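Printed here is target37.pdb (PDB, C-alpha atoms):
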```
ATOM      1  CA  MET A   1      94.938 -28.972  75.426
ATOM      2  CA  GLU A   2      92.311 -31.520  76.382
ATOM      3  CA  HIS A   3      89.164 -30.065  77.931
ATOM      4  CA  PRO A   4      87.181 -32.027  80.560
ATOM      5  CA  SER A   5      83.904 -33.465  79.424
ATOM      6  CA  PRO A   6      80.861 -31.437  80.584
ATOM      7  CA  GLN A   7      79.042 -32.873  83.582
ATOM      8  CA  PRO A   8      75.485 -34.003  82.908
ATOM      9  CA  GLU A   9      72.877 -31.664  84.341
ATOM     10  CA  ALA A  10      70.642 -32.945  87.158
ATOM     11  CA  SER A  11      67.481 -34.407  85.741
ATOM     12  CA  ILE A  12      64.356 -32.378  86.396
ATOM     13  CA  THR A  13      61.190 -34.234  87.272
ATOM     14  CA  ALA A  14      57.825 -32.522  87.028
ATOM     15  CA  VAL A  15      55.780 -33.302  90.113
ATOM     16  CA  PRO A  16      52.041 -32.782  89.449
ATOM     17  CA  VAL A  17      50.334 -30.361  91.762
ATOM     18  CA  LEU A  18      46.680 -29.584  92.304
ATOM     19  CA  THR A  19      45.182 -26.187  91.643
ATOM     20  CA  ALA A  20      42.277 -24.722  93.574
ATOM     21  CA  GLU A  21      40.233 -24.197  90.427
ATOM     22  CA  TRP A  22      40.676 -27.788  89.286
ATOM     23  CA  ALA A  23      39.828 -29.247  92.690
ATOM     24  CA  ARG A  24      36.693 -27.106  92.906
ATOM     25  CA  THR A  25      35.594 -28.165  89.423
ATOM     26  CA  LEU A  26      35.916 -31.854  90.285
ATOM     27  CA  ALA A  27      34.121 -31.390  93.612
ATOM     28  CA  LEU A  28      31.183 -29.660  91.952
ATOM     29  CA  GLU A  29      31.027 -32.428  89.336
ATOM     30  CA  ALA A  30      30.885 -34.947  92.196
ATOM     31  CA  GLY A  31      27.735 -33.233  93.469
ATOM     32  CA  PHE A  32      28.926 -30.704  96.037
ATOM     33  CA  ALA A  33      27.625 -27.129  96.077
ATOM     34  CA  GLU A  34      31.008 -25.510  96.757
ATOM     35  CA  ALA A  35      34.602 -26.470  97.541
ATOM     36  CA  GLY A  36      37.960 -24.981  98.428
ATOM     37  CA  VAL A  37      41.540 -26.168  98.864
ATOM     38  CA  VAL A  38      44.141 -25.413 101.497
ATOM     39  CA  ALA A  39      47.813 -26.371 101.620
ATOM     40  CA  LEU A  40      48.914 -28.010 104.872
ATOM     41  CA  PRO A  41      49.913 -26.852 107.375
ATOM     42  CA  TYR A  42      47.818 -23.742 106.844
ATOM     43  CA  LEU A  43      48.728 -20.261 108.045
ATOM     44  CA  LYS A  44      46.519 -20.040 111.163
ATOM     45  CA  GLU A  45      46.840 -23.665 112.247
ATOM     46  CA  ALA A  46      48.750 -22.944 115.480
ATOM     47  CA  ARG A  47      46.138 -20.353 116.519
ATOM     48  CA  ASP A  48      43.240 -22.718 115.793
ATOM     49  CA  ALA A  49      44.952 -25.600 117.604
ATOM     50  CA  ALA A  50      45.463 -23.431 120.704
ATOM     51  CA  ARG A  51      41.797 -22.337 120.678
ATOM     52  CA  PHE A  52      40.625 -25.923 120.323
ATOM     53  CA  GLU A  53      42.772 -27.088 123.230
ATOM     54  CA  GLU A  54      41.595 -24.169 125.390
ATOM     55  CA  TRP A  55      37.944 -25.009 124.619
ATOM     56  CA  LEU A  56      38.477 -28.633 125.606
ATOM     57  CA  GLY A  57      40.465 -27.698 128.690
ATOM     58  CA  ALA A  58      37.611 -25.525 129.913
ATOM     59  CA  GLY A  59      35.289 -28.544 129.787
ATOM     60  CA  ARG A  60      33.023 -26.996 127.144
ATOM     61  CA  ALA A  61      32.931 -30.216 125.102
ATOM     62  CA  GLY A  62      30.813 -31.898 127.757
ATOM     63  CA  THR A  63      30.773 -35.683 127.444
ATOM     64  CA  MET A  64      32.182 -35.712 123.881
ATOM     65  CA  ARG A  65      35.359 -37.410 125.073
ATOM     66  CA  TYR A  66      36.340 -38.503 121.581
ATOM     67  CA  LEU A  67      37.311 -34.893 120.887
ATOM     68  CA  SER A  68      40.022 -35.143 123.573
ATOM     69  CA  ARG A  69      41.795 -38.210 122.199
ATOM     70  CA  ARG A  70      45.545 -37.792 122.021
ATOM     71  CA  ALA A  71      48.367 -39.421 120.111
ATOM     72  CA  GLU A  72      51.184 -41.318 121.860
ATOM     73  CA  ASN A  73      53.215 -38.105 121.980
ATOM     74  CA  GLY A  74      50.415 -36.368 123.893
ATOM     75  CA  GLN A  75      49.195 -34.148 121.048
ATOM     76  CA  LEU A  76      45.471 -33.791 120.449
ATOM     77  CA  LEU A  77      44.526 -35.843 117.401
ATOM     78  CA  ARG A  78      42.119 -33.209 116.088
ATOM     79  CA  ALA A  79      44.219 -30.133 116.770
ATOM     80  CA  ARG A  80      46.449 -30.494 113.705
ATOM     81  CA  VAL A  81      46.067 -32.690 110.639
ATOM     82  CA  ALA A  82      49.716 -33.776 110.790
ATOM     83  CA  VAL A  83      49.241 -35.464 114.167
ATOM     84  CA  SER A  84      47.298 -38.292 112.496
ATOM     85  CA  PHE A  85      48.306 -37.825 108.853
ATOM     86  CA  ARG A  86      51.931 -36.808 108.455
ATOM     87  CA  TRP A  87      51.738 -37.400 104.716
ATOM     88  CA  ALA A  88      48.895 -34.906 104.162
ATOM     89  CA  LYS A  89      49.930 -31.864 102.109
ATOM     90  CA  SER A  90      46.514 -30.571 101.144
ATOM     91  CA  ALA A  91      42.866 -30.648 102.142
ATOM     92  CA  ILE A  92      39.959 -30.323  99.751
ATOM     93  CA  VAL A  93      36.994 -29.066 101.773
ATOM     94  CA  CYS A  94      33.581 -29.598 100.207
ATOM     95  CA  LEU A  95      30.216 -28.120 101.151
ATOM     96  CA  ALA A  96      26.752 -29.532 100.480
ATOM     97  CA  GLY A  97      23.797 -27.311 101.303
ATOM     98  CA  TYR A  98      20.635 -28.498 103.064
ATOM     99  CA  HIS A  99      18.614 -25.282 103.274
ATOM    100  CA  ALA A 100      14.949 -26.206 102.795
ATOM    101  CA  ALA A 101      11.779 -24.281 102.004
ATOM    102  CA  GLN A 102      10.103 -25.290 105.226
ATOM    103  CA  PRO A 103       9.013 -23.449 108.418
ATOM    104  CA  ARG A 104      11.688 -22.201 110.795
ATOM    105  CA  SER A 105      12.043 -23.397 114.341
ATOM    106  CA  THR A 106      11.283 -19.862 115.462
ATOM    107  CA  ASP A 107       7.872 -19.800 113.708
ATOM    108  CA  ALA A 108       4.654 -20.277 115.638
ATOM    109  CA  ALA A 109       3.674 -23.934 115.983
ATOM    110  CA  ALA A 110       1.043 -26.139 117.567
ATOM    111  CA  GLU A 111       1.600 -26.947 121.218
ATOM    112  CA  ASP A 112       2.002 -30.661 120.519
ATOM    113  CA  ALA A 113       4.500 -30.163 117.672
ATOM    114  CA  GLY A 114       8.155 -31.087 118.148
ATOM    115  CA  TRP A 115      11.123 -29.793 116.189
ATOM    116  CA  ILE A 116      13.688 -31.919 114.357
ATOM    117  CA  ALA A 117      16.747 -30.078 113.087
ATOM    118  CA  ARG A 118      16.715 -29.192 109.417
ATOM    119  CA  TYR A 119      19.802 -31.295 108.637
ATOM    120  CA  ALA A 120      17.770 -34.474 109.355
ATOM    121  CA  TRP A 121      14.945 -33.672 106.948
ATOM    122  CA  SER A 122      16.660 -34.997 103.826
ATOM    123  CA  GLY A 123      15.245 -37.937 101.905
ATOM    124  CA  ARG A 124      15.596 -39.904  98.669
ATOM    125  CA  ARG A 125      12.940 -41.341  96.392
ATOM    126  CA  ASP A 126      12.874 -44.986  95.398
ATOM    127  CA  ALA A 127      11.845 -46.345  92.011
ATOM    128  CA  ALA A 128       8.195 -46.077  92.999
ATOM    129  CA  GLY A 129       8.568 -42.431  93.937
ATOM    130  CA  THR A 130       8.302 -42.971  97.689
ATOM    131  CA  LEU A 131      10.429 -40.604  99.764
ATOM    132  CA  HIS A 132      12.637 -42.319 102.374
ATOM    133  CA  PRO A 133      14.950 -40.786 104.995
ATOM    134  CA  SER A 134      18.571 -40.555 103.865
ATOM    135  CA  ASP A 135      21.814 -40.485 105.844
ATOM    136  CA  TYR A 136      23.941 -37.536 104.764
ATOM    137  CA  HIS A 137      27.082 -39.371 105.895
ATOM    138  CA  LYS A 138      26.507 -42.102 103.314
ATOM    139  CA  VAL A 139      25.435 -39.694 100.586
ATOM    140  CA  LEU A 140      28.448 -37.431 100.971
ATOM    141  CA  ARG A 141      30.930 -40.274 101.408
ATOM    142  CA  LYS A 142      29.968 -41.488  97.945
ATOM    143  CA  ARG A 143      30.698 -38.036  96.570
ATOM    144  CA  VAL A 144      34.059 -37.870  98.333
ATOM    145  CA  ARG A 145      34.981 -41.260  96.871
ATOM    146  CA  ALA A 146      33.944 -40.062  93.415
ATOM    147  CA  LEU A 147      36.121 -36.962  93.832
ATOM    148  CA  GLU A 148      39.074 -39.077  94.941
ATOM    149  CA  ALA A 149      38.618 -41.424  91.971
ATOM    150  CA  ARG A 150      38.730 -38.493  89.538
ATOM    151  CA  LEU A 151      41.897 -37.222  91.178
ATOM    152  CA  HIS A 152      43.562 -40.634  90.935
ATOM    153  CA  LYS A 153      42.626 -40.794  87.265
ATOM    154  CA  GLN A 154      44.349 -37.455  86.715
ATOM    155  CA  PHE A 155      47.327 -37.754  89.059
ATOM    156  CA  GLY A 156      47.882 -41.469  89.440
ATOM    157  CA  SER A 157      48.880 -42.895  92.806
ATOM    158  CA  PHE A 158      48.813 -40.727  95.946
ATOM    159  CA  GLU A 159      47.656 -41.053  99.532
ATOM    160  CA  ALA A 160      44.195 -39.821 100.495
ATOM    161  CA  ARG A 161      41.601 -40.091 103.260
ATOM    162  CA  GLY A 162      38.079 -38.740 103.163
ATOM    163  CA  PHE A 163      35.812 -37.829 106.077
ATOM    164  CA  VAL A 164      32.235 -36.745 106.671
ATOM    165  CA  ASP A 165      31.956 -35.804 110.359
ATOM    166  CA  THR A 166      33.926 -38.873 111.409
ATOM    167  CA  GLY A 167      37.626 -38.071 111.110
ATOM    168  CA  PRO A 168      40.187 -36.527 113.477
ATOM    169  CA  VAL A 169      39.992 -33.108 111.822
ATOM    170  CA  VAL A 170      38.258 -29.833 112.695
ATOM    171  CA  GLU A 171      36.289 -29.298 109.500
ATOM    172  CA  ARG A 172      35.270 -25.698 110.195
ATOM    173  CA  SER A 173      38.871 -24.579 110.659
ATOM    174  CA  LEU A 174      39.923 -26.207 107.403
ATOM    175  CA  ALA A 175      36.884 -24.715 105.647
ATOM    176  CA  THR A 176      37.731 -21.157 106.684
ATOM    177  CA  ALA A 177      41.379 -21.688 105.704
ATOM    178  CA  ALA A 178      40.160 -22.931 102.316
ATOM    179  CA  GLY A 179      38.145 -19.732 101.800
ATOM    180  CA  LEU A 180      34.641 -21.198 102.177
ATOM    181  CA  GLY A 181      33.417 -18.627 104.682
ATOM    182  CA  TRP A 182      33.924 -17.319 108.183
ATOM    183  CA  ILE A 183      33.046 -18.614 111.641
ATOM    184  CA  GLY A 184      30.028 -16.673 112.848
ATOM    185  CA  LYS A 185      29.179 -15.567 116.360
ATOM    186  CA  ASN A 186      27.087 -18.740 116.673
ATOM    187  CA  THR A 187      30.306 -20.731 115.908
ATOM    188  CA  CYS A 188      28.854 -22.050 112.623
ATOM    189  CA  LEU A 189      30.635 -21.711 109.304
ATOM    190  CA  ILE A 190      28.829 -19.050 107.253
ATOM    191  CA  HIS A 191      29.268 -19.039 103.480
ATOM    192  CA  PRO A 192      28.599 -15.547 102.054
ATOM    193  CA  LYS A 193      26.129 -16.904  99.470
ATOM    194  CA  LEU A 194      24.959 -20.252 100.849
ATOM    195  CA  GLY A 195      24.612 -19.312 104.519
ATOM    196  CA  SER A 196      25.277 -21.807 107.303
ATOM    197  CA  TYR A 197      22.926 -24.657 106.411
ATOM    198  CA  GLY A 198      25.647 -26.882 105.029
ATOM    199  CA  PHE A 199      27.430 -30.196 105.543
ATOM    200  CA  LEU A 200      31.212 -30.335 105.314
ATOM    201  CA  ALA A 201      33.279 -33.167 103.850
ATOM    202  CA  VAL A 202      37.073 -33.245 103.823
ATOM    203  CA  LEU A 203      39.457 -35.099 101.508
ATOM    204  CA  LEU A 204      43.053 -35.092 102.725
ATOM    205  CA  THR A 205      45.657 -35.796 100.054
ATOM    206  CA  SER A 206      49.418 -36.068  99.657
ATOM    207  CA  LEU A 207      49.209 -33.812  96.589
ATOM    208  CA  GLU A 208      50.936 -30.463  96.505
ATOM    209  CA  VAL A 209      48.750 -27.411  95.923
ATOM    210  CA  ASP A 210      49.561 -24.430  93.733
ATOM    211  CA  ASN A 211      47.857 -21.296  92.420
ATOM    212  CA  LEU A 212      45.646 -20.962  95.475
ATOM    213  CA  GLY A 213      43.302 -18.047  95.363
ATOM    214  CA  ALA A 214      43.563 -17.433  91.649
ATOM    215  CA  PRO A 215      42.064 -19.217  88.649
ATOM    216  CA  GLY A 216      44.650 -20.953  86.550
ATOM    217  CA  PRO A 217      45.288 -23.958  84.373
ATOM    218  CA  ALA A 218      43.740 -27.192  85.541
ATOM    219  CA  LEU A 219      47.108 -28.703  86.381
ATOM    220  CA  GLY A 220      50.405 -27.198  87.413
ATOM    221  CA  THR A 221      53.873 -28.677  87.921
ATOM    222  CA  TRP A 222      56.407 -28.225  90.672
ATOM    223  CA  GLU A 223      60.015 -28.602  89.615
ATOM    224  CA  THR A 224      62.382 -30.678  91.720
ATOM    225  CA  SER A 225      65.785 -32.188  90.918
ATOM    226  CA  ASP A 226      65.124 -35.210  93.120
ATOM    227  CA  PRO A 227      61.617 -36.682  93.224
ATOM    228  CA  ASN A 228      62.577 -38.739  96.283
ATOM    229  CA  GLN A 229      63.198 -35.666  98.416
ATOM    230  CA  ALA A 230      60.648 -33.384  99.969
ATOM    231  CA  ARG A 231      60.094 -30.041  98.237
ATOM    232  CA  SER A 232      62.058 -27.266  99.884
ATOM    233  CA  SER A 233      60.601 -24.375  97.881
ATOM    234  CA  PRO A 234      58.409 -21.741  99.565
ATOM    235  CA  ALA A 235      54.889 -22.861 100.332
ATOM    236  CA  PRO A 236      52.062 -21.864  97.956
ATOM    237  CA  SER A 237      50.208 -18.656  98.745
ATOM    238  CA  PRO A 238      47.194 -19.247 101.006
ATOM    239  CA  ALA A 239      43.625 -19.227  99.762
ATOM    240  CA  PRO A 240      41.934 -15.811 100.125
ATOM    241  CA  LEU A 241      40.079 -15.732 103.427
ATOM    242  CA  VAL A 242      36.476 -14.553 103.627
ATOM    243  CA  PRO A 243      36.267 -11.660 106.099
ATOM    244  CA  ASP A 244      34.010 -11.861 109.146
ATOM    245  CA  ARG A 245      30.733 -10.212 108.179
ATOM    246  CA  CYS A 246      28.738 -10.642 111.379
ATOM    247  CA  GLY A 247      29.334  -7.005 112.238
ATOM    248  CA  SER A 248      27.437  -5.782 115.298
ATOM    249  CA  CYS A 249      24.657  -8.369 114.901
ATOM    250  CA  ARG A 250      23.997 -10.535 117.956
ATOM    251  CA  ARG A 251      20.676 -12.139 117.061
ATOM    252  CA  CYS A 252      22.025 -15.653 117.567
ATOM    253  CA  LEU A 253      23.297 -14.878 121.061
ATOM    254  CA  ASP A 254      20.053 -13.215 122.093
ATOM    255  CA  ALA A 255      17.916 -16.035 120.662
ATOM    256  CA  CYS A 256      19.673 -19.025 122.255
ATOM    257  CA  PRO A 257      17.192 -20.164 124.940
ATOM    258  CA  THR A 258      19.731 -22.080 127.052
ATOM    259  CA  GLY A 259      22.608 -19.567 126.975
ATOM    260  CA  ALA A 260      24.956 -21.894 125.091
ATOM    261  CA  LEU A 261      26.502 -18.927 123.274
ATOM    262  CA  THR A 262      28.295 -17.474 126.261
ATOM    263  CA  ALA A 263      29.896 -14.700 124.184
ATOM    264  CA  PRO A 264      30.395 -13.938 120.501
ATOM    265  CA  TYR A 265      32.226 -16.885 118.887
ATOM    266  CA  ARG A 266      32.152 -18.900 122.131
ATOM    267  CA  MET A 267      30.005 -22.011 122.491
ATOM    268  CA  ASP A 268      29.518 -24.089 125.622
ATOM    269  CA  ALA A 269      28.298 -27.420 124.267
ATOM    270  CA  ARG A 270      27.056 -28.436 127.707
ATOM    271  CA  ARG A 271      24.228 -25.920 127.301
ATOM    272  CA  CYS A 272      23.601 -26.433 123.565
ATOM    273  CA  ILE A 273      20.293 -28.080 122.666
ATOM    274  CA  ALA A 274      21.831 -29.825 119.659
ATOM    275  CA  TYR A 275      24.421 -31.440 121.922
ATOM    276  CA  LEU A 276      21.907 -32.300 124.625
ATOM    277  CA  THR A 277      19.512 -34.045 122.211
ATOM    278  CA  ILE A 278      22.077 -35.805 119.991
ATOM    279  CA  GLU A 279      25.537 -36.213 121.536
ATOM    280  CA  HIS A 280      24.873 -36.205 125.259
ATOM    281  CA  ARG A 281      24.313 -39.474 127.071
ATOM    282  CA  GLY A 282      22.564 -39.145 130.386
ATOM    283  CA  PRO A 283      19.967 -36.918 132.029
ATOM    284  CA  ILE A 284      19.577 -33.300 130.999
ATOM    285  CA  GLY A 285      19.959 -30.740 133.767
ATOM    286  CA  GLU A 286      16.684 -29.445 135.129
ATOM    287  CA  ASN A 287      17.894 -25.871 134.724
ATOM    288  CA  LEU A 288      18.052 -26.382 130.928
ATOM    289  CA  ARG A 289      14.845 -28.316 130.277
ATOM    290  CA  GLU A 290      12.414 -25.414 130.128
ATOM    291  CA  GLY A 291      14.598 -23.532 127.647
ATOM    292  CA  MET A 292      14.709 -26.531 125.319
ATOM    293  CA  GLY A 293      11.063 -26.011 124.425
ATOM    294  CA  ARG A 294       9.887 -28.266 121.586
ATOM    295  CA  GLN A 295      13.350 -29.199 120.299
ATOM    296  CA  ILE A 296      13.567 -32.998 120.305
ATOM    297  CA  LEU A 297      16.458 -33.637 117.884
ATOM    298  CA  GLY A 298      18.999 -30.926 117.299
ATOM    299  CA  CYS A 299      18.343 -27.196 117.192
ATOM    300  CA  ASP A 300      18.211 -24.600 114.418
ATOM    301  CA  ILE A 301      17.401 -21.486 116.452
ATOM    302  CA  CYS A 302      20.753 -19.685 116.162
ATOM    303  CA  GLN A 303      20.766 -20.372 112.413
ATOM    304  CA  ASP A 304      17.112 -19.571 111.805
ATOM    305  CA  VAL A 305      17.552 -16.049 113.196
ATOM    306  CA  CYS A 306      20.773 -15.409 111.235
ATOM    307  CA  PRO A 307      20.297 -12.777 108.493
ATOM    308  CA  TRP A 308      22.726 -14.627 106.224
ATOM    309  CA  ASN A 309      20.350 -17.590 106.058
ATOM    310  CA  ARG A 310      17.447 -15.334 105.067
ATOM    311  CA  ARG A 311      19.414 -14.569 101.906
ATOM    312  CA  ALA A 312      20.609 -18.124 101.266
ATOM    313  CA  PRO A 313      19.077 -20.053  98.349
ATOM    314  CA  ILE A 314      17.124 -23.249  98.851
ATOM    315  CA  ALA A 315      19.479 -26.185  98.316
ATOM    316  CA  ALA A 316      19.013 -27.888  94.955
ATOM    317  CA  ASP A 317      20.202 -31.396  95.804
ATOM    318  CA  PRO A 318      18.452 -34.383  94.179
ATOM    319  CA  THR A 319      19.578 -36.749  96.967
ATOM    320  CA  GLY A 320      18.566 -34.363  99.749
ATOM    321  CA  GLU A 321      14.909 -33.691  99.056
ATOM    322  CA  SER A 322      13.210 -32.300 102.134
ATOM    323  CA  ARG A 323      10.494 -34.371 103.819
ATOM    324  CA  ALA A 324       7.501 -32.298 104.939
ATOM    325  CA  ARG A 325       6.944 -34.486 108.001
ATOM    326  CA  CYS A 326       9.747 -36.194 109.891
ATOM    327  CA  SER A 327       9.928 -38.790 112.634
ATOM    328  CA  ARG A 328      12.754 -38.848 115.091
ATOM    329  CA  PRO A 329      15.491 -41.293 113.934
ATOM    330  CA  ALA A 330      16.685 -43.959 116.349
ATOM    331  CA  ARG A 331      19.627 -42.951 118.535
TER     332      ARG A 331
END
```
Have the structure of the file written as structure tokens, please.
Amino acid sequence: MEHPSPQPEASITAVPVLTAEWARTLALEAGFAEAGVVALPYLKEARDAARFEEWLGAGRAGTMRYLSRRAENGQLLRARVAVSFRWAKSAIVCLAGYHAAQPRSTDAAAEDAGWIARYAWSGRRDAAGTLHPSDYHKVLRKRVRALEARLHKQFGSFEARGFVDTGPVVERSLATAAGLGWIGKNTCLIHPKLGSYGFLAVLLTSLEVDNLGAPGPALGTWETSDPNQARSSPAPSPAPLVPDRCGSCRRCLDACPTGALTAPYRMDARRCIAYLTIEHRGPIGENLREGMGRQILGCDICQDVCPWNRRAPIAADPTGESRARCSRPAR
């Protein structure tokens, strides 16, 4: 009796996937202080998108109309990563600290002294040793590009987009989902060791993510019988979230001189000194001027009173050396 020939088994193609440990290692090598990874869409994305839309709908964004831009289908561009980047499967969120060993905005000061927010103090030295102001956008973009280049060297071709405060993403939401900290009552991201004095940079990629939340081999593989089809296996486990550790503290709310923190975790940008002195175009309401005090560019008050920043280390960043005296940059 003649038996039928066995059918060839479906070929298995190993699709490279990124691990959290590997992404963090590359980010630190690129010059960042900390980094995390989150698979997209992340677990709490719908909740965060609803909160963002509610905040905008209540008018709390003031004149920052770019935050309200919508896609052709009516969806807010910044509410969900997939609205603008359907190909994105992961986000690497990187943090660079800017905590400096300088006076706080809440310290006593001369009557004629103005305050420039700590984030704008950074500088770089030229060949002669002279310290010049530096733009953190440019500095961090170089690091994001370096991180992307390392990933391409390891994984080959994939889609990616990097942002430093300029892309249609809500960085803080992605940072919490990636396990970099929690959103404090002052609405800032608070890292349990580095505090809240930090810049965020995001690299979106089309790479799959595996082994989130646990150290593992630098590279993993995801098995699929057809590399041309989307993976249908269960999504990777989410990164471990950092619990909210603000507790009963309300120092930031009590310290805000213009009442911008209307309740714990609720910010009305229209009353925020940082918004009024940087983002806002037009006259500042007379009812807010007295509370602004000596703040002329940005505001650090709600961060300077935060206990988590009292414990945070001074940032050791060679391209972010703090300048003892600052002049207000051109708007």
With 12 Å as the threshold, what does the neighbourhood of (29.7, -20.1, 102.9) contain in terms of residues, counting all atoms listed in the file? Coordinates are those of the file; answer as a ChimeraX atom specification. /A:33-36,93-97,172,175-176,178-184,188-200,241-245,308-309,311-313
Could you write out as a count of residues only the residues that the PyMOL selection byres ((chain A and resi 107) around 12) matches in the shown file? 15
Considering all atoms listed in the file, give me a table of residues in region 117-165 of chain A that are at most 12 Å from region 256-280 of chain A, with the closest atom pair and distance in Å for each, as a tab-separated table.
```
residue	atom	partner	partner_atom	distance
A:Ala117	CA	A:Ala274	CA	8.3
A:Arg118	CA	A:Ala274	CA	11.5
A:Tyr119	CA	A:Ala274	CA	11.3
A:Ala120	CA	A:Ile278	CA	11.6
```
Extract, using all atoms listed in the file, all DNA, RNA and protein residues at most 10 Å from Ala146 (chain A), discarding same-chain residues fewer than 2 positions from it, and format them as a ChimeraX atom specification. /A:26-27,29-31,140-144,148-152
At what distance in Å, to one decimal, does CA of Leu40 (chain A) lie from CA of Tyr66 (chain A)? 23.4 Å
Just to confirm, what's the straight-line distance from CA of Trp121 (chain A) to CA of Lys138 (chain A) in Å (one decimal)?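 Calculated distance between CA of Trp121 (chain A) and CA of Lys138 (chain A) is 14.8 Å.
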Could you tell me which residues the PyMOL selection byres ((chain A and resi 68-73) around 10) grabs in this file, written as a ChimeraX atom specification? /A:52-53,56-57,61,64-67,74-79,83-84,168
Please produce a file of those selected residues containing C-alpha atoms, as a CSV table (one decimal), in the coordinates of the input.
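part_12.csv, written as the output of this step:
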```csv
chain,number,residue,atom,x,y,z
A,52,PHE,CA,40.6,-25.9,120.3
A,53,GLU,CA,42.8,-27.1,123.2
A,56,LEU,CA,38.5,-28.6,125.6
A,57,GLY,CA,40.5,-27.7,128.7
A,61,ALA,CA,32.9,-30.2,125.1
A,64,MET,CA,32.2,-35.7,123.9
A,65,ARG,CA,35.4,-37.4,125.1
A,66,TYR,CA,36.3,-38.5,121.6
A,67,LEU,CA,37.3,-34.9,120.9
A,74,GLY,CA,50.4,-36.4,123.9
A,75,GLN,CA,49.2,-34.1,121.0
A,76,LEU,CA,45.5,-33.8,120.4
A,77,LEU,CA,44.5,-35.8,117.4
A,78,ARG,CA,42.1,-33.2,116.1
A,79,ALA,CA,44.2,-30.1,116.8
A,83,VAL,CA,49.2,-35.5,114.2
A,84,SER,CA,47.3,-38.3,112.5
A,168,PRO,CA,40.2,-36.5,113.5
```
Between CA of Ala255 (chain A) and CA of Glu290 (chain A), distance in Å (one decimal):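 Spanning CA of Ala255 (chain A) to CA of Glu290 (chain A) is a straight-line distance of 14.4 Å.
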Let me have the centre and edge lengths in Å, one decimal, of the box along x, y and z around every listed atom of region 262-270 of chain A with 4 Å of margin on each side, as lines of an AutoDock Vina configuration file.
```
center_x = 29.6
center_y = -21.2
center_z = 123.3
size_x = 13.2
size_y = 22.5
size_z = 16.8
```
Which is closer to Ala82 (chain A) than all the others in A:Pro41, A:Gly114, A:Gly298, A:Gly129, using all atoms listed in the file? A:Pro41
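For Lys44 (chain A), the residues within 9 Å (counting all atoms listed in the file, excluding itself and residues fewer than 4 positions away along the chain) are Asp48, Ala49, Ser173 and Ala177 of chain A.
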In terms of the shortest atom-to-atom distance over all atoms listed in the file, which of A:Pro240, A:Leu204, A:Leu253, A:Arg24 is closest to Lys89 (chain A)?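 Residue with the minimum atom-to-atom distance to Lys89 (chain A): A:Leu204.
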